[in-house]
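See below for the structure under consideration.
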There are 2 protein chains.
Amino acid sequence: MQNDRSRESLLFLTDEQLRQGIEGMFFAYRGFTADPDRILDKYNYGRAHHRALHFINRVPGTNVNNLLSILGVTKQSLNRVLRTLIEHELVSLRIGTKDRRERHLYLTESGKSLEKQLSTAQSHRMREAYRQAGPDAVAGFKQVLEAMMDPKLQVTYKKLRVS
Amino acid sequence: MQNDRSRESLLFLTDEQLRQGIEGMFFAYRGFTADPDRILDKYNYGRAHHRALHFINRVPGTNVNNLLSILGVTKQSLNRVLRTLIEHELVSLRIGTKDRRERHLYLTESGKSLEKQLSTAQSHRMREAYRQAGPDAVAGFKQVLEAMMDPKLQVTYKKLRVS
DNA sequence: TTGGAATGTCAACAAGACTGACGTAAAATG
DNA sequence: CATTTTACGTCAGTCTTGTTGACATTCCAA
């Protein structure tokens with residue numbers, strides 16, 4: 001028994017196993033973004049717009065700094081994306097009541113509609129993958145993903161869960 | 001029993017579950033690329049160089065077309081990266097013996113050395129994640145990743161495994 | 001009232017993706 | 001043998017998304 005477990009543990013950590021994980025992440029991420037990308041193309045948006053829409057939907061009323069820390073980009077980079085989303089009336093701004101420096105971000109109706117379109121496409125693939133793999137696999141999938149994040153992002157990830 | 005399973009199946013496919021998967025992929029991919037990115041920065045290379053090095057190492061002697069189909073980019077895009085890698089003598093070319101139109105790609109010693117550095121860093125994080133999550137979780141992780149790929153990439157992924 | 005924080009914005013730049021067009025060499029085909 | 005197709009490279013131009021650095025505005029808090 002002990003021997004079997006040791007052997008399993010060793011096997012478990014071979015370079016081949018790790019390489020498969022690395023390549024798995026690479027190929028799976030391509031699939032993960034493929035469907036939303038096709039929709040975004042039609043509207044001349046990119047992944048950056050998708051990410052902003054996703055997290056504004058997820059945390060309605062978030063201020064810019066909070067969004068920046070979730071997305072992990074510079075304010076200049078985010079600002080460019082936000083500007084077009086606001087111009088196109090997918091996102092609306094409300095100046096903070098307590099702290100009037102802060103801008104709180106919300107999706108407009110059309111913003112919600114596009115976000116829905118994108119998340120539906122992305123969820124569909126994930127739902128299928130989940131269904132094929134089964135509940136236990138999904139639990140494992142999430143465990144590994146979470147363990148792979150930077151500690152700070154892990155916290156961010158968990159905060160989104162409870163909010 | 002039937003009821004429990006139904007309930008589980010329903011829960012299992014909630015929007016919340018799917019959203020967690022989506023955000024998990026997003027945050028985990030950041031962690032996945034963070035360590036190699038830091039190394040690449042030091043040498044003024046980018047992720048595109050890393051990917052080329054990875055797959056040339058994985059399939060030594062591959063021709064350009066095959067590499068293109070794995071990476072899923074245009075030849076112009078790959079060419080820019082390959083040119084610098086060849087100039088810097090991390091990659092070497094050999095003209096095909098059977099078909100002299102083909103260029104076969106290999107890593108030089110310095111190419112192997114950099115690839116090793118990158119994959120060690122990336123593997124280290126993955127190894128830790130695997131260790132934390134445990135063998136069953138890892139099996140599930142891979143199942144879901146594979147199911148999330150485009151069918152063509154799934155084939156590519158499996159081919160790499162057997163070669 | 002002044003310092004610092006939150007935010008926006010301008011400019012410049014780079015990586016890395018794309019399309020389109022063209023060239024060359026070599027293999028395959030009629 | 002002539003023609004077509006394939007494999008690859010390259011030039012030019014564009015786009016998205018990221019970066020740094022500098023500077024302005026607003027406004028909370030000490």
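All residue names refer to the structure tokens as shown: chains lettered A, B, ... in order, residues numbered from 1 in each chain, ligands numbered from 1 in order.
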
Just need the residues of chain B within 12 Å of chain D, counting only C-alpha atoms (C1' of nucleotides), so spit them out as a PDB file with N, CA and C atoms, in the first residue's frame.
ATOM      1  N   ASN B  63       8.422  20.956 -38.820  1.00  0.00           N
ATOM      2  CA  ASN B  63       8.528  21.988 -39.851  1.00  0.00           C
ATOM      3  C   ASN B  63       7.640  23.170 -39.460  1.00  0.00           C
ATOM      4  N   VAL B  64       7.736  24.231 -40.236  1.00  0.00           N
ATOM      5  CA  VAL B  64       7.059  25.471 -39.866  1.00  0.00           C
ATOM      6  C   VAL B  64       5.542  25.308 -39.901  1.00  0.00           C
ATOM      7  N   ASN B  65       5.050  24.639 -40.926  1.00  0.00           N
ATOM      8  CA  ASN B  65       3.598  24.472 -41.048  1.00  0.00           C
ATOM      9  C   ASN B  65       2.991  23.742 -39.860  1.00  0.00           C
ATOM     10  N   ASN B  66       3.674  22.712 -39.418  1.00  0.00           N
ATOM     11  CA  ASN B  66       3.176  21.967 -38.269  1.00  0.00           C
ATOM     12  C   ASN B  66       3.146  22.846 -37.020  1.00  0.00           C
ATOM     13  N   LEU B  68       2.879  26.022 -36.983  1.00  0.00           N
ATOM     14  CA  LEU B  68       1.795  26.984 -37.170  1.00  0.00           C
ATOM     15  C   LEU B  68       0.451  26.415 -36.738  1.00  0.00           C
ATOM     16  N   LYS B  75       1.617  32.797 -40.327  1.00  0.00           N
ATOM     17  CA  LYS B  75       3.044  32.566 -40.569  1.00  0.00           C
ATOM     18  C   LYS B  75       3.849  33.846 -40.370  1.00  0.00           C
ATOM     19  N   GLN B  76       3.232  34.993 -40.680  1.00  0.00           N
ATOM     20  CA  GLN B  76       3.931  36.266 -40.502  1.00  0.00           C
ATOM     21  C   GLN B  76       4.245  36.508 -39.032  1.00  0.00           C
ATOM     22  N   SER B  77       3.282  36.141 -38.208  1.00  0.00           N
ATOM     23  CA  SER B  77       3.441  36.347 -36.782  1.00  0.00           C
ATOM     24  C   SER B  77       4.512  35.401 -36.223  1.00  0.00           C
ATOM     25  N   LEU B  78       4.417  34.144 -36.619  1.00  0.00           N
ATOM     26  CA  LEU B  78       5.413  33.175 -36.159  1.00  0.00           C
ATOM     27  C   LEU B  78       6.790  33.524 -36.704  1.00  0.00           C
ATOM     28  N   ASN B  79       6.818  33.968 -37.948  1.00  0.00           N
ATOM     29  CA  ASN B  79       8.095  34.243 -38.592  1.00  0.00           C
ATOM     30  C   ASN B  79       8.907  35.302 -37.851  1.00  0.00           C
ATOM     31  N   ARG B  80       8.198  36.298 -37.387  1.00  0.00           N
ATOM     32  CA  ARG B  80       8.875  37.377 -36.655  1.00  0.00           C
ATOM     33  C   ARG B  80       9.581  36.812 -35.423  1.00  0.00           C
ATOM     34  N   LEU B  82      10.374  33.546 -34.877  1.00  0.00           N
ATOM     35  CA  LEU B  82      11.399  32.583 -35.266  1.00  0.00           C
ATOM     36  C   LEU B  82      12.677  33.274 -35.714  1.00  0.00           C
ATOM     37  N   ARG B  83      12.498  34.372 -36.449  1.00  0.00           N
ATOM     38  CA  ARG B  83      13.666  35.089 -36.957  1.00  0.00           C
ATOM     39  C   ARG B  83      14.581  35.524 -35.817  1.00  0.00           C
ATOM     40  N   ILE B  95      17.385  22.248 -43.497  1.00  0.00           N
ATOM     41  CA  ILE B  95      16.553  22.046 -44.672  1.00  0.00           C
ATOM     42  C   ILE B  95      16.262  20.563 -44.823  1.00  0.00           C
ATOM     43  N   GLY B  96      15.007  20.256 -45.138  1.00  0.00           N
ATOM     44  CA  GLY B  96      14.579  18.869 -45.225  1.00  0.00           C
ATOM     45  C   GLY B  96      15.383  18.070 -46.254  1.00  0.00           C
ATOM     46  N   ASP B  99      12.121  16.500 -48.571  1.00  0.00           N
ATOM     47  CA  ASP B  99      11.484  17.654 -49.207  1.00  0.00           C
ATOM     48  C   ASP B  99      12.281  18.896 -48.842  1.00  0.00           C
ATOM     49  N   ARG B 100      13.009  19.392 -49.811  1.00  0.00           N
ATOM     50  CA  ARG B 100      13.935  20.480 -49.489  1.00  0.00           C
ATOM     51  C   ARG B 100      13.256  21.839 -49.353  1.00  0.00           C
ATOM     52  N   ARG B 101      11.921  21.883 -49.496  1.00  0.00           N
ATOM     53  CA  ARG B 101      11.229  23.139 -49.206  1.00  0.00           C
ATOM     54  C   ARG B 101      11.047  23.320 -47.703  1.00  0.00           C
ATOM     55  N   GLU B 102      11.047  22.190 -47.002  1.00  0.00           N
ATOM     56  CA  GLU B 102      10.744  22.240 -45.573  1.00  0.00           C
ATOM     57  C   GLU B 102      11.952  22.656 -44.724  1.00  0.00           C
ATOM     58  N   ARG B 103      11.640  23.468 -43.715  1.00  0.00           N
ATOM     59  CA  ARG B 103      12.654  23.821 -42.716  1.00  0.00           C
ATOM     60  C   ARG B 103      12.332  23.074 -41.439  1.00  0.00           C
ATOM     61  N   HIS B 104      13.261  22.302 -40.965  1.00  0.00           N
ATOM     62  CA  HIS B 104      13.060  21.599 -39.702  1.00  0.00           C
ATOM     63  C   HIS B 104      13.711  22.396 -38.579  1.00  0.00           C
TER      64      HIS B 104
END

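All residues in region 45-140 of chain A with a DSSP state of strand (DSSP E), computed from the backbone, read Thr62, Asn63, Val91, Ser92, Leu93, Arg94, Ile95, Arg103, His104, Leu105, Tyr106 and Leu107 of chain A.
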
For those residues, write N, CA and C atoms to a file as a PDB file, in the first residue's frame.
ATOM      1  N   THR A  62     -18.863  48.995  -8.837  1.00  0.00           N
ATOM      2  CA  THR A  62     -17.435  48.995  -8.479  1.00  0.00           C
ATOM      3  C   THR A  62     -16.794  50.307  -8.898  1.00  0.00           C
ATOM      4  N   ASN A  63     -15.793  50.735  -8.145  1.00  0.00           N
ATOM      5  CA  ASN A  63     -15.052  51.908  -8.607  1.00  0.00           C
ATOM      6  C   ASN A  63     -13.893  51.452  -9.489  1.00  0.00           C
ATOM      7  N   VAL A  91     -21.817  51.032 -20.703  1.00  0.00           N
ATOM      8  CA  VAL A  91     -21.458  51.225 -19.298  1.00  0.00           C
ATOM      9  C   VAL A  91     -21.861  52.645 -18.906  1.00  0.00           C
ATOM     10  N   SER A  92     -22.371  52.791 -17.686  1.00  0.00           N
ATOM     11  CA  SER A  92     -22.683  54.134 -17.196  1.00  0.00           C
ATOM     12  C   SER A  92     -21.887  54.423 -15.932  1.00  0.00           C
ATOM     13  N   LEU A  93     -21.625  55.690 -15.732  1.00  0.00           N
ATOM     14  CA  LEU A  93     -20.860  56.179 -14.587  1.00  0.00           C
ATOM     15  C   LEU A  93     -21.783  56.835 -13.595  1.00  0.00           C
ATOM     16  N   ARG A  94     -21.516  56.608 -12.316  1.00  0.00           N
ATOM     17  CA  ARG A  94     -22.172  57.442 -11.305  1.00  0.00           C
ATOM     18  C   ARG A  94     -21.107  57.931 -10.345  1.00  0.00           C
ATOM     19  N   ILE A  95     -21.081  59.213 -10.125  1.00  0.00           N
ATOM     20  CA  ILE A  95     -20.103  59.764  -9.197  1.00  0.00           C
ATOM     21  C   ILE A  95     -20.511  59.396  -7.784  1.00  0.00           C
ATOM     22  N   ARG A 103     -15.695  57.009  -9.229  1.00  0.00           N
ATOM     23  CA  ARG A 103     -16.697  56.729 -10.266  1.00  0.00           C
ATOM     24  C   ARG A 103     -17.182  55.306 -10.081  1.00  0.00           C
ATOM     25  N   HIS A 104     -18.466  55.161  -9.934  1.00  0.00           N
ATOM     26  CA  HIS A 104     -19.035  53.831  -9.816  1.00  0.00           C
ATOM     27  C   HIS A 104     -19.558  53.387 -11.175  1.00  0.00           C
ATOM     28  N   LEU A 105     -19.235  52.158 -11.502  1.00  0.00           N
ATOM     29  CA  LEU A 105     -19.523  51.653 -12.844  1.00  0.00           C
ATOM     30  C   LEU A 105     -20.694  50.683 -12.848  1.00  0.00           C
ATOM     31  N   TYR A 106     -21.559  50.858 -13.826  1.00  0.00           N
ATOM     32  CA  TYR A 106     -22.721  49.981 -13.986  1.00  0.00           C
ATOM     33  C   TYR A 106     -22.898  49.640 -15.460  1.00  0.00           C
ATOM     34  N   LEU A 107     -23.495  48.502 -15.717  1.00  0.00           N
ATOM     35  CA  LEU A 107     -23.872  48.185 -17.094  1.00  0.00           C
ATOM     36  C   LEU A 107     -25.220  48.822 -17.397  1.00  0.00           C
TER      37      LEU A 107
END

Against region 122-142 of chain A, which residues of region 4-50 of chain A fall within 9 Å? For each one I want the closest pair of atoms and the distance in Å (one decimal), counting only C-alpha atoms, rows by chain and increasing residue number, as JSON lines.
{"residue": "A:Gly31", "atom": "CA", "partner": "A:Arg125", "partner_atom": "CA", "distance": 8.3}
{"residue": "A:Phe32", "atom": "CA", "partner": "A:Gln122", "partner_atom": "CA", "distance": 6.7}
{"residue": "A:Thr33", "atom": "CA", "partner": "A:Gln122", "partner_atom": "CA", "distance": 7.3}
{"residue": "A:Ala34", "atom": "CA", "partner": "A:Gln122", "partner_atom": "CA", "distance": 8.4}
{"residue": "A:Asp35", "atom": "CA", "partner": "A:Gln122", "partner_atom": "CA", "distance": 6.2}
{"residue": "A:Pro36", "atom": "CA", "partner": "A:Gln122", "partner_atom": "CA", "distance": 6.2}

*May I ask for the distance between CA of Ile56 (chain B) and CA of Val144 (chain B), given in Å to one decimal place?*
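Distance reported for this atom pair: 26.0 Å.
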
For this session: Could you give me, as a list of chain:residue names, the residues within 8 Å of Glu89 (chain B), counting only C-alpha atoms (C1' of nucleotides) and dropping anything in the same chain fewer than 2 positions from it?
Result: B:Leu85, B:Ile86, B:Glu87, B:Val91, B:Ser92, B:Thr108, B:Ser110, B:Gly111

Check: Counting only C-alpha atoms (C1' of nucleotides), which residues of chain C come no farther than 10 Å from chain A, as a list in words?
Finding: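 Close to chain A, chain C has DA5, DA6, DT7, DG8 and DT9 of chain C.
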
- Query: Any idea what the distance is between CA of Thr120 (chain B) and CA of Pro60 (chain B)?
  - Reply: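 CA of Pro60 (chain B) lies 18.7 Å from CA of Thr120 (chain B).
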
The residue from A:Gly61, A:Gly46, A:Gly24, A:Pro151 with the smallest atom-to-atom distance to chain B, counting only C-alpha atoms, is A:Gly24

message: Let's see if you can do this: from backbone DSSP, list all helix (DSSP H, G or I) residues in chain A, as a PyMOL selection string.
response: chain A and resi 2-12+15-42+47-58+64-71+75-87+109-133+135-148+151-162

Those selected residues, please, written with C-alpha atoms and delivered as a compact mmCIF listing (two decimals), in the first residue's frame.
# COMPACT_ATOMS: atom_id res chain seq x y z
CA GLN A 2 2.66 2.47 1.05
CA ASN A 3 4.67 1.44 -1.98
CA ASP A 4 1.76 1.86 -4.30
CA ARG A 5 1.13 5.31 -2.94
CA SER A 6 4.76 6.28 -3.26
CA ARG A 7 4.85 5.05 -6.81
CA GLU A 8 1.69 6.95 -7.57
CA SER A 9 3.08 10.09 -6.01
CA LEU A 10 6.20 9.84 -8.07
CA LEU A 11 4.38 9.14 -11.29
CA PHE A 12 2.10 11.94 -10.46
CA ASP A 15 7.73 16.01 -16.23
CA GLU A 16 5.34 14.40 -18.68
CA GLN A 17 2.40 14.94 -16.34
CA LEU A 18 3.35 18.55 -15.78
CA ARG A 19 3.93 19.15 -19.45
CA GLN A 20 0.47 17.84 -20.20
CA GLY A 21 -0.94 20.25 -17.68
CA ILE A 22 0.92 23.14 -19.27
CA GLU A 23 -0.19 22.27 -22.78
CA GLY A 24 -3.69 21.57 -21.49
CA MET A 25 -3.91 25.10 -20.09
CA PHE A 26 -2.61 26.54 -23.34
CA PHE A 27 -5.04 24.72 -25.62
CA ALA A 28 -7.99 24.97 -23.26
CA TYR A 29 -7.57 28.72 -22.89
CA ARG A 30 -7.84 29.03 -26.65
CA GLY A 31 -11.16 27.19 -26.53
CA PHE A 32 -12.23 29.20 -23.54
CA THR A 33 -11.92 32.50 -25.40
CA ALA A 34 -12.87 31.34 -28.90
CA ASP A 35 -16.65 31.76 -28.70
CA PRO A 36 -16.72 35.20 -27.05
CA ASP A 37 -13.99 36.36 -29.45
CA ARG A 38 -16.23 35.62 -32.41
CA ILE A 39 -19.04 37.70 -30.96
CA LEU A 40 -16.72 40.54 -29.95
CA ASP A 41 -15.35 40.68 -33.49
CA LYS A 42 -18.79 41.45 -34.86
CA ARG A 47 -11.10 40.67 -24.97
CA ALA A 48 -10.31 43.69 -22.83
CA HIS A 49 -13.87 44.93 -23.37
CA HIS A 50 -15.23 41.51 -22.49
CA ARG A 51 -13.29 41.39 -19.24
CA ALA A 52 -14.47 44.85 -18.23
CA LEU A 53 -18.09 43.98 -19.01
CA HIS A 54 -17.80 40.71 -17.13
CA PHE A 55 -16.52 42.21 -13.90
CA ILE A 56 -18.70 45.32 -13.97
CA ASN A 57 -21.62 42.94 -14.28
CA ARG A 58 -20.23 40.83 -11.49
CA VAL A 64 -12.21 52.10 -11.09
CA ASN A 65 -9.45 51.18 -8.66
CA ASN A 66 -11.18 48.03 -7.59
CA LEU A 67 -11.71 47.04 -11.19
CA LEU A 68 -8.05 47.74 -11.89
CA SER A 69 -6.93 45.42 -9.13
CA ILE A 70 -9.17 42.65 -10.47
CA LEU A 71 -8.05 43.04 -14.05
CA LYS A 75 -5.43 52.63 -15.48
CA GLN A 76 -4.46 54.00 -18.88
CA SER A 77 -5.15 50.67 -20.47
CA LEU A 78 -8.45 50.20 -18.71
CA ASN A 79 -9.42 53.80 -19.34
CA ARG A 80 -9.21 53.38 -23.08
CA VAL A 81 -11.56 50.44 -22.91
CA LEU A 82 -13.94 52.10 -20.47
CA ARG A 83 -14.10 55.24 -22.58
CA THR A 84 -15.37 53.36 -25.61
CA LEU A 85 -17.83 51.34 -23.52
CA ILE A 86 -19.20 54.55 -22.00
CA GLU A 87 -19.34 56.31 -25.39
CA GLU A 109 -29.40 47.70 -20.54
CA SER A 110 -27.45 47.25 -23.77
CA GLY A 111 -24.34 46.53 -21.73
CA LYS A 112 -26.19 43.81 -19.86
CA SER A 113 -27.46 42.46 -23.11
CA LEU A 114 -24.00 42.15 -24.67
CA GLU A 115 -22.54 40.72 -21.48
CA LYS A 116 -25.29 38.15 -21.47
CA GLN A 117 -24.54 37.20 -25.04
CA LEU A 118 -20.87 36.76 -24.26
CA SER A 119 -21.29 34.86 -21.03
CA THR A 120 -23.90 32.62 -22.57
CA ALA A 121 -21.50 31.62 -25.31
CA GLN A 122 -18.67 31.07 -22.89
CA SER A 123 -20.81 29.24 -20.38
CA HIS A 124 -22.17 26.96 -23.02
CA ARG A 125 -18.76 25.52 -23.74
CA MET A 126 -17.95 25.26 -20.07
CA ARG A 127 -21.26 23.58 -19.34
CA GLU A 128 -20.56 21.00 -22.00
CA ALA A 129 -17.07 20.39 -20.67
CA TYR A 130 -18.44 20.03 -17.15
CA ARG A 131 -21.11 17.64 -18.33
CA GLN A 132 -18.62 15.47 -20.20
CA ALA A 133 -16.18 15.37 -17.32
CA PRO A 135 -19.05 16.51 -11.05
CA ASP A 136 -15.96 15.02 -9.42
CA ALA A 137 -13.76 16.17 -12.26
CA VAL A 138 -15.22 19.65 -11.97
CA ALA A 139 -14.43 19.82 -8.28
CA GLY A 140 -10.86 18.82 -9.03
CA PHE A 141 -10.65 21.28 -11.89
CA LYS A 142 -11.56 24.15 -9.59
CA GLN A 143 -9.20 23.04 -6.88
CA VAL A 144 -6.23 23.01 -9.24
CA LEU A 145 -7.17 26.33 -10.81
CA GLU A 146 -7.40 27.98 -7.44
CA ALA A 147 -4.08 26.54 -6.31
CA MET A 148 -2.45 27.88 -9.46
CA PRO A 151 -2.09 34.40 -3.59
CA LYS A 152 -3.46 37.91 -4.08
CA LEU A 153 -5.61 36.84 -7.00
CA GLN A 154 -6.79 33.88 -4.98
CA VAL A 155 -8.12 36.34 -2.43
CA THR A 156 -9.74 38.42 -5.15
CA TYR A 157 -11.29 35.29 -6.60
CA LYS A 158 -12.74 34.24 -3.26
CA LYS A 159 -14.06 37.71 -2.53
CA LEU A 160 -16.03 37.62 -5.75
CA ARG A 161 -17.53 34.38 -4.58
CA VAL A 162 -18.91 35.70 -1.30

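In this structure, CA of Tyr43 (chain B) sits 13.9 Å away from C1' of DA15 (chain C).
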